[in-house]
There are 2 protein chains.
Amino acid sequence: MADKPSVLRETDDEARKLARVLLRSARSAAIAVIVPGSDGFPFVSRVLLGIDTDGTPVILVSALSTHTQALSADIRCSLLTGEIGKGDPLAHARLTVQCEAVKIDRDSATHTRIRERFIRRHPKAQLYVDFPDFAFFRLTPLKASLNGGFGRAYALAGEDLMIRSPAIDDLAAMEASAIEHMNTDHRDAASKYANAYCKAKGSGWRICGLDAGGVDLASGDQLKRLEYENPLQSEGELRVALVKLYR
Amino acid sequence: MADKPSVLRETDDEARKLARVLLRSARSAAIAVIVPGSDGFPFVSRVLLGIDTDGTPVILVSALSTHTQALSADIRCSLLTGEIGKGDPLAHARLTVQCEAVKIDRDSATHTRIRERFIRRHPKAQLYVDFPDFAFFRLTPLKASLNGGFGRAYALAGEDLMIRSPAIDDLAAMEASAIEHMNTDHRDAASKYANAYCKAKGSGWRICGLDAGGVDLASGDQLKRLEYENPLQSEGELRVALVKLYR
């Protein structure tokens, strides 16, 4: 067996961007946790996935589920994202992110922000998001493994999946109104973005997320992520970026 | 938080059948393992999935991958199967199976049987199945959790996912020739089975597996599992069962 490092390619910006898109365009993920009281037995289940304004993955889970009970006992977990397309399932890119879970206090400003953003991404979650047994967890990325298809493996740092910008909070404060403006007054923009930058088809796209790192686009059950080349550094850059993409 | 048992429904034959179909109709699965040398950090990745003639899930994996290195250090793992369809990803049934992995010796009769069956299910795996770093593992089911959609959770025993019959070996010995006969001399049978019993469409179906528990059907990237009501008890029952289904 070869040494493990020898099968890894050098991690470049293209790999980092692919990893971010695989994580941020996923509606759901497989999550691996440790079964509570099992002396370390791994368990995998499916969770709805959102992304916080700093790039941190977010899950909305019921306290009745094994994964939630597991995270309460051991915060270590991993997420698998990346959809299976045509042909061999292993020919399609996927990402494993190793994380530590932090439960979000329901009375916090963080909860308000995450809840709004999550519902824009998953409108049907409105039905159960406020049930007393449901809670959000932020899953802080520690490191990640990108498999871009046979023979294309990369190791990433948690930092590679984060959005770093001084404008994160300012942009979060204006996100809802900016999205409404775009989806109402520039209704064709979302479809134009999806078609031009995300290999998407059709005209039914809407913007469901705007942050310093990029744009989330939704159409029915489809979700796409448009990543800016560099994160926005100020609130004022948002309009410029959206106009430039519209060309 | 409610006691965990109170959210589980009583496991009935319908739930057991759904669980078997979710496992046996999956082309790939998410697999949770423990990262070697990590003091118990869970990891999730994607693997190609097959099923042995006794119902045991089988994976074909490279020694270069994290999951294979993990299983060599700790045989405990879990598989997640069940495809995501339209609407809320969590509205679709999925199955978690907790397993113990056993590596298959390349010179064994078990390897020959599993290899043939796996290639019929995944023809493209022929390209790498014999690479020196690739190996098959049988994943013996210990227990399972079925989630049939919101509020429909069931606990299953590993035994619920096994095929028990005195005819397993006799059927395995004739599997290849029986499949060739069906796909050549009764070319419409597979599509008829898929359409009538597996909610499938189209006429391009072929049989890719025949065992005491049922029939595996493939068309392009689609895979379906037709489960018999009861496992065949002798080799002679195969023809009777296939004729009966053809009505």
# chains A, B, ... in the order shown; residues from 1 in each chain; ligands from 1
>>> closest_atom_pairs(of="chain A", to="chain B", cutoff="9 Å", atoms="only C-alpha atoms", output="tab-separated table")
residue	atom	partner	partner_atom	distance
A:Met1	CA	B:Ala63	CA	6.6
A:Ala2	CA	B:Leu64	CA	7.0
A:Asp3	CA	B:Leu64	CA	8.1
A:Lys4	CA	B:Leu64	CA	6.4
A:Val7	CA	B:Leu64	CA	7.2
A:Arg27	CA	B:Pro89	CA	7.5
A:Ser28	CA	B:Pro89	CA	6.6
A:Ala30	CA	B:Ala30	CA	6.8
A:Ile31	CA	B:Val44	CA	7.0
A:Ala32	CA	B:Ala32	CA	5.5
A:Val33	CA	B:Pro42	CA	5.6
A:Ile34	CA	B:Pro42	CA	6.5
A:Gly40	CA	B:Gly40	CA	6.3
A:Phe41	CA	B:Arg76	CA	6.2
A:Pro42	CA	B:Cys77	CA	5.6
A:Phe43	CA	B:Ser78	CA	5.3
A:Val44	CA	B:Ala32	CA	5.6
A:Ser45	CA	B:Leu80	CA	6.2
A:Arg46	CA	B:Leu90	CA	7.4
A:Val47	CA	B:Leu90	CA	7.2
A:Leu48	CA	B:Leu90	CA	7.2
A:Ala63	CA	B:Met1	CA	6.6
A:Leu64	CA	B:Lys4	CA	6.4
A:Ser65	CA	B:Lys4	CA	8.2
A:Thr66	CA	B:Lys4	CA	8.7
A:Arg76	CA	B:Phe41	CA	6.2
A:Cys77	CA	B:Pro42	CA	5.6
A:Ser78	CA	B:Phe43	CA	5.3
A:Leu79	CA	B:Val44	CA	6.5
A:Leu80	CA	B:Val44	CA	6.0
A:Thr81	CA	B:Ser45	CA	8.9
A:Gly85	CA	B:Asp221	CA	9.0
A:Lys86	CA	B:Asp221	CA	6.6
A:Gly87	CA	B:Asp221	CA	6.1
A:Asp88	CA	B:Lys124	CA	7.0
A:Pro89	CA	B:Ser28	CA	6.6
A:Leu90	CA	B:Leu48	CA	7.2
A:Arg94	CA	B:Arg46	CA	8.0
A:Leu95	CA	B:Ser45	CA	7.9
A:Thr96	CA	B:Ser45	CA	6.4
A:Val97	CA	B:Phe43	CA	8.2
A:Gln98	CA	B:Phe43	CA	6.9
A:His122	CA	B:Asp88	CA	8.0
A:Lys124	CA	B:Asp88	CA	7.0
A:Ala125	CA	B:Asp88	CA	8.4
A:Pro132	CA	B:Met1	CA	8.9
A:Asp133	CA	B:Met1	CA	6.8
A:Gly220	CA	B:Gly87	CA	7.9
A:Asp221	CA	B:Gly87	CA	6.1
>>> select_by_dssp(residues="range 87-144 of chain B", states="helix (DSSP H, G or I)", output="PDB file with N, CA and C atoms, in the first residue's frame")
ATOM      1  N   PRO B  89     -35.873  16.661   1.211  1.00  0.00           N
ATOM      2  CA  PRO B  89     -35.003  15.476   1.216  1.00  0.00           C
ATOM      3  C   PRO B  89     -35.311  14.507   2.364  1.00  0.00           C
ATOM      4  N   LEU B  90     -35.852  15.038   3.458  1.00  0.00           N
ATOM      5  CA  LEU B  90     -36.118  14.180   4.614  1.00  0.00           C
ATOM      6  C   LEU B  90     -37.479  13.485   4.535  1.00  0.00           C
ATOM      7  N   ALA B  91     -38.243  13.761   3.482  1.00  0.00           N
ATOM      8  CA  ALA B  91     -39.529  13.079   3.323  1.00  0.00           C
ATOM      9  C   ALA B  91     -39.341  11.701   2.688  1.00  0.00           C
ATOM     10  N   ALA B 109     -13.298 -18.770  -2.808  1.00  0.00           N
ATOM     11  CA  ALA B 109     -14.506 -18.961  -3.627  1.00  0.00           C
ATOM     12  C   ALA B 109     -15.492 -17.817  -3.383  1.00  0.00           C
ATOM     13  N   THR B 110     -15.494 -17.319  -2.148  1.00  0.00           N
ATOM     14  CA  THR B 110     -16.365 -16.182  -1.824  1.00  0.00           C
ATOM     15  C   THR B 110     -16.016 -14.996  -2.709  1.00  0.00           C
ATOM     16  N   HIS B 111     -14.709 -14.764  -2.911  1.00  0.00           N
ATOM     17  CA  HIS B 111     -14.278 -13.650  -3.757  1.00  0.00           C
ATOM     18  C   HIS B 111     -14.776 -13.826  -5.192  1.00  0.00           C
ATOM     19  N   THR B 112     -14.652 -15.038  -5.698  1.00  0.00           N
ATOM     20  CA  THR B 112     -15.109 -15.299  -7.070  1.00  0.00           C
ATOM     21  C   THR B 112     -16.600 -15.011  -7.206  1.00  0.00           C
ATOM     22  N   ARG B 113     -17.367 -15.493  -6.242  1.00  0.00           N
ATOM     23  CA  ARG B 113     -18.828 -15.292  -6.283  1.00  0.00           C
ATOM     24  C   ARG B 113     -19.162 -13.807  -6.206  1.00  0.00           C
ATOM     25  N   ILE B 114     -18.573 -13.115  -5.231  1.00  0.00           N
ATOM     26  CA  ILE B 114     -18.880 -11.695  -5.014  1.00  0.00           C
ATOM     27  C   ILE B 114     -18.430 -10.860  -6.217  1.00  0.00           C
ATOM     28  N   ARG B 115     -17.276 -11.168  -6.751  1.00  0.00           N
ATOM     29  CA  ARG B 115     -16.732 -10.414  -7.880  1.00  0.00           C
ATOM     30  C   ARG B 115     -17.663 -10.490  -9.085  1.00  0.00           C
ATOM     31  N   GLU B 116     -18.092 -11.702  -9.414  1.00  0.00           N
ATOM     32  CA  GLU B 116     -18.980 -11.882 -10.579  1.00  0.00           C
ATOM     33  C   GLU B 116     -20.288 -11.115 -10.396  1.00  0.00           C
ATOM     34  N   ARG B 117     -20.848 -11.282  -9.212  1.00  0.00           N
ATOM     35  CA  ARG B 117     -22.135 -10.651  -8.910  1.00  0.00           C
ATOM     36  C   ARG B 117     -22.006  -9.124  -8.918  1.00  0.00           C
ATOM     37  N   PHE B 118     -20.890  -8.650  -8.406  1.00  0.00           N
ATOM     38  CA  PHE B 118     -20.673  -7.206  -8.307  1.00  0.00           C
ATOM     39  C   PHE B 118     -20.522  -6.591  -9.703  1.00  0.00           C
ATOM     40  N   ILE B 119     -19.822  -7.288 -10.576  1.00  0.00           N
ATOM     41  CA  ILE B 119     -19.608  -6.760 -11.928  1.00  0.00           C
ATOM     42  C   ILE B 119     -20.903  -6.782 -12.734  1.00  0.00           C
ATOM     43  N   ARG B 120     -21.754  -7.772 -12.503  1.00  0.00           N
ATOM     44  CA  ARG B 120     -23.050  -7.745 -13.183  1.00  0.00           C
ATOM     45  C   ARG B 120     -23.851  -6.517 -12.756  1.00  0.00           C
ATOM     46  N   ARG B 121     -23.689  -6.129 -11.480  1.00  0.00           N
ATOM     47  CA  ARG B 121     -24.418  -4.974 -10.938  1.00  0.00           C
ATOM     48  C   ARG B 121     -23.754  -3.650 -11.352  1.00  0.00           C
ATOM     49  N   PRO B 123     -21.163  -2.833 -14.083  1.00  0.00           N
ATOM     50  CA  PRO B 123     -20.274  -3.267 -15.188  1.00  0.00           C
ATOM     51  C   PRO B 123     -19.002  -2.431 -15.281  1.00  0.00           C
ATOM     52  N   LYS B 124     -19.075  -1.144 -14.930  1.00  0.00           N
ATOM     53  CA  LYS B 124     -17.880  -0.306 -15.068  1.00  0.00           C
ATOM     54  C   LYS B 124     -16.799  -0.642 -14.034  1.00  0.00           C
ATOM     55  N   ALA B 125     -17.169  -1.352 -12.970  1.00  0.00           N
ATOM     56  CA  ALA B 125     -16.184  -1.737 -11.961  1.00  0.00           C
ATOM     57  C   ALA B 125     -15.182  -2.748 -12.520  1.00  0.00           C
ATOM     58  N   GLN B 126     -15.531  -3.361 -13.655  1.00  0.00           N
ATOM     59  CA  GLN B 126     -14.602  -4.279 -14.324  1.00  0.00           C
ATOM     60  C   GLN B 126     -13.250  -3.616 -14.576  1.00  0.00           C
ATOM     61  N   LEU B 127     -13.270  -2.300 -14.774  1.00  0.00           N
ATOM     62  CA  LEU B 127     -12.051  -1.548 -15.074  1.00  0.00           C
ATOM     63  C   LEU B 127     -11.029  -1.593 -13.945  1.00  0.00           C
TER      64      LEU B 127
END
>>> closest_residue(among="A:Gly209, A:Asp216, A:Ser177, A:Leu171", to="Gly236 in chain A", atoms="only C-alpha atoms")
A:Leu171
>>> select_by_dssp(residues="range 95-209 of chain A", states="strand (DSSP E or B)", output="MDAnalysis selection string")
chainID A and resid 95:103 134:147 153:157 206:209
>>> closest_residue(among="A:Glu10, A:Lys201, A:Leu226, A:Lys244", to="Leu156 in chain A", atoms="only C-alpha atoms")
A:Glu10
>>> atom_distance(atom1="CA of Ile179 in chain B", atom2="CA of Ala212 in chain B")
13.5 Å
>>> residues_around(residues="Val21 in chain B", least_positions_apart="2", cutoff="8 Å", atoms="only C-alpha atoms", output="list in words")
Lys17, Leu18, Ala19, Leu23, Arg24, Ser25, Arg225, Leu226 and Glu227 of chain B
>>> residues_around(residues="Ala218 in chain B", least_positions_apart="5", cutoff="9 Å", atoms="only C-alpha atoms", output="list of chain:residue names")
B:Arg121, B:Ala190, B:Ala194, B:Gly204, B:Trp205, B:Arg206, B:Ile207, B:Cys208, B:Leu223, B:Lys224, B:Arg225
